[in-house]
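For reference, the structure discussed in these notes is given below.
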Amino acid sequence: MSTSPTLDPTTAHRAAAIAAAEAPLTASTDRYMRAAAGALVRAARAELREAGARRLTGARVLLLVGGGDNGGDALLAGALLAERGARVSAAAATDHPRAACAAAARAAGVTLAGAGDADAESAGAAVARFLAETAGDGAGGAALVIDGLTGIGARGPLRRRAAELIAPLRGAGPRGERPFRVLAVDLPSGTGVDDGTLPGPVLTADRSVTFTCPRGAHLLPPAARAVGRLDVVDLGLPLPREAPLAVRPDDAALARLLRAPGGADHKYTRGVVGAWAGSLAYPGAAVLTCSAAVRAGAGMVRLVAPRRVTDLVLARRPEVVPAPGRAQALVLGPGTDPADAPRAVELRRALDAAARDFLPAVIDAGALGLLPAVMADGARPGAVHVLTPHAGEAAALLTALGTARTRAGVEAAPAEAARTLAEATGATVLLKATPTLVVGPGPAPALSVDPGPGWLATAGSGDVLAGILGALLAARGARREGGGPPAEPALTADPADPAEPALTAALAVRLHALAGELAAGAGPGRTGRPLAALDLAGALPAAWSALHGARSRHDGAPR
């Protein structure tokens with residue numbers, strides 16, 4: 001007898017779909033609420049241990065309680081923690097918390113403030129007392145806030161009472177510097193559950209515990225940055241059946257797109273990249289782009305650039321061919337100067353040809369601004385053309401295409417901006433954010449990819465990403481020509497399928513992030529060290545090998 005799946009930690013669904021899938025099972029029982037409380041207790045113990053507590057006895061815990069299921073979960077978890085010796089208090093943003101849950105918390109010794117006139121202490125006073133006690137503990141104190149103010153049914157910013165409760169907690173400092181940890185029930189209260197926006201103030205979490213599957217806010221920026229570590233817990237509830245909002249591809253899935261060359265391969269079966277990169281003003285961009293394409297596995301890299309740029313590239317990468325010719329993917333725009341009119345004409349011709357011939361291309365930096373004019377001339381990009389804007393470039397491009405946006409507007413709602421840009425152009429959009437979003441022109445869910453350590457925020461990092469993506473698109477193009485190793489079943493669909501370039505772009509982001517971790521020495525528990533963009537290119541072979549190893553461990557594929 002088959003059973004429906006009850007856990008998917010990589011795929012986010014709409015809140016309404018999650019609620020509808022759960023309702024038939026949860027309507028007449030508190031079984032699942034109690035199971036959720038147990039999961040919160042386990043996460044709370046883990047957070048307190050990481051904060052330095054050897055045991056629960058004496059640890060300070062503050063519950064922030066709303067009137068919904070999440071507030072009830074927090075109260076039940078608080079009761080269990082109090083029974084195990086923690087000093088638990090609760091501040092309610094409602095006069096009517098879940099009655100049975102409030103009774104259980106009080107019976108366990110939890111002091112509940114703010115939930116009606118019968119309570120002697122106000123909720124605000126309870127928060128102030130918690131802050132005074134944790135400040136008195138000094139850096140070694142173990143304290144935890146459990147945020148159960150709102151749930152997945154909430155919309156818009158926090159209401160006044162809830163916002164007033166989190167204000168002094170927010171004022172205690174950012175995550176990692178404040179004298180307490182924060183554990184969010186489902187997600188940090190006040191985040192845009194489906195769209196990942198931040199419509200008002202939010203208390204950022206060190207850890208969030210959600211159930212069955214992620215919500216949009218867990219995978220979409222900017223809300224995803226407030227989530228902290230995400231635990232997705234299986235309660236035995238069914239997954240929604242509708243199409244998901246967003247997916248975070250795991251390493252094994254992305255690694256299956258990588259191909260190691262065989263004995264019959266040559267440079268054209270591995271993929272040839274044509275790069276229109278660099279200018280007299282920004283010559284180093286071509287060095288970075290070409291180095292990344294070479295080190296990411298391209299069979300050949302061709303460069304079209306001014307003589308000074310070409311000389312600089314050849315001095316660093318003598319294998320680059322300084323002439324146009326047959327290529328299976330183009331990289332257009334890194335380091336090109338908008339003020340260089342002859343270069344702009346040359347770049348526009350290459351962009352127009354790529355669009356009309358359906359030749360895979362990375363459209364980056366200086367080429368992005370040329371796209372509206374190319375489209376006005378009748379050339380229409382497709383899914384195999386990957387735009388790589390940051391928020392400012394996305395805003396300028398959307399505005400030029402008739403949908404006015406500001407940089408701040410894109411940063412506030414990046415998922416919506418990326419989707420709008422993909423629909424307006426017909427291209428795949430890789431929007432540089434944290435996390436990075438990849439959105440195709442069709443109805444497929446957005447792909448959410450961790451962009452790597454903060455050390456990657458350095459000049460030239462985007463040029464390296466463009467080169468990586470060019471190499472991967474060229475390898476995909478070579479396989480489409482039939483000269484490369486056999487493709488996986490997932491790669492034998494219609495070449496116009498927008499899912500394939502989107503996955504390839506996600507793979508490029510992941511390789512870029514892994515190279516950043518290796519070059520910076522960053523990782524779990526490791527701050528790392530500064531890096532330069534050229535260091536990324538040097539780390540790419542090791543990153544490729546590490547990611548390919550994830551595939552090998554997952555399905556036994558040969559290395």
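We name chains A, B, ... following the order of the structure tokens; residues begin at 1 in each chain, and ligands are numbered from 1 as shown.
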
Those of region 5-240 of chain A in DSSP helix (DSSP H, G or I), formatted as a PyMOL selection string: chain A and resi 15-26+31-50+69-83+99-107+123-137+160-170+216-219+223-226

All residues 12 Å or closer to Ala100 (chain A), only C-alpha atoms, same chain fewer than 4 positions away omitted, as an NGL selection string: :A and (30 or 33-34 or 67 or 69 or 71-73 or 75-76 or 79 or 96 or 104-107)

Could you write those residues out with N, CA and C atoms, as a short mmCIF file (atom, residue, chain, number, x, y, z; two decimals), in the first residue's frame?
data_model
loop_
_atom_site.label_atom_id
_atom_site.label_comp_id
_atom_site.auth_asym_id
_atom_site.auth_seq_id
_atom_site.Cartn_x
_atom_site.Cartn_y
_atom_site.Cartn_z
N ASP A 30 -5.64 17.85 18.87
CA ASP A 30 -4.47 18.65 19.22
C ASP A 30 -3.19 17.83 19.10
N MET A 33 -0.46 19.65 17.16
CA MET A 33 0.06 20.79 17.88
C MET A 33 1.04 20.34 18.96
N ARG A 34 0.72 19.25 19.61
CA ARG A 34 1.61 18.73 20.65
C ARG A 34 2.89 18.16 20.03
N GLY A 67 -2.44 34.91 18.94
CA GLY A 67 -3.69 34.20 19.18
C GLY A 67 -3.91 32.98 18.32
N ASP A 69 -2.39 29.32 16.01
CA ASP A 69 -1.77 28.02 16.30
C ASP A 69 -0.31 28.16 16.71
N GLY A 71 1.11 30.60 18.34
CA GLY A 71 1.13 31.00 19.74
C GLY A 71 0.84 29.82 20.65
N GLY A 72 -0.12 28.96 20.23
CA GLY A 72 -0.41 27.75 21.00
C GLY A 72 0.78 26.81 21.04
N ASP A 73 1.45 26.62 19.89
CA ASP A 73 2.66 25.78 19.86
C ASP A 73 3.71 26.30 20.83
N LEU A 75 3.27 28.14 23.54
CA LEU A 75 2.85 27.93 24.93
C LEU A 75 3.06 26.48 25.36
N LEU A 76 2.69 25.53 24.50
CA LEU A 76 2.89 24.11 24.84
C LEU A 76 4.37 23.78 24.96
N ALA A 79 5.56 25.11 28.24
CA ALA A 79 5.17 24.24 29.36
C ALA A 79 6.15 23.09 29.51
N HIS A 96 -6.52 36.97 23.94
CA HIS A 96 -7.14 35.65 23.83
C HIS A 96 -6.19 34.63 23.20
N ALA A 104 -2.24 25.00 30.06
CA ALA A 104 -1.14 24.05 30.23
C ALA A 104 0.15 24.76 30.61
N ALA A 105 0.39 25.93 30.02
CA ALA A 105 1.60 26.69 30.34
C ALA A 105 1.57 27.17 31.78
N ARG A 106 0.44 27.74 32.19
CA ARG A 106 0.33 28.22 33.58
C ARG A 106 0.49 27.08 34.56
N ALA A 107 -0.10 25.93 34.26
CA ALA A 107 -0.01 24.78 35.16
C ALA A 107 1.43 24.30 35.33
#

Contact residues around region 230-239 of chain A with only C-alpha atoms at 6 Å, ignoring same-chain residues under 2 positions, as a count of residues only: 9

Interatomic distance, CA of Ala543 (chain A) to CA of Leu514 (chain A) (Å, one decimal):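 Between these atoms lies a distance of 5.4 Å.
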
Residue with smallest distance to Leu257 (chain A) - pool A:Arg14, A:Arg49, A:Arg476, A:Arg349, counting only C-alpha atoms: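 Checking each of A:Arg14, A:Arg49, A:Arg476, A:Arg349 against Leu257 (chain A), counting only C-alpha atoms, the winner is A:Arg476.
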
Residues near Ala395 (chain A), cut-off 12 Å, only C-alpha atoms, skip fewer than 3 positions along chain, as a ChimeraX atom specification: /A:368-369,389-392,398-414,416-418,420-421,431

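Counting only C-alpha atoms and comparing A:Arg160, A:Arg175, A:Arg241, A:Arg87, the residue that lies closest to Ala21 (chain A) is A:Arg241.
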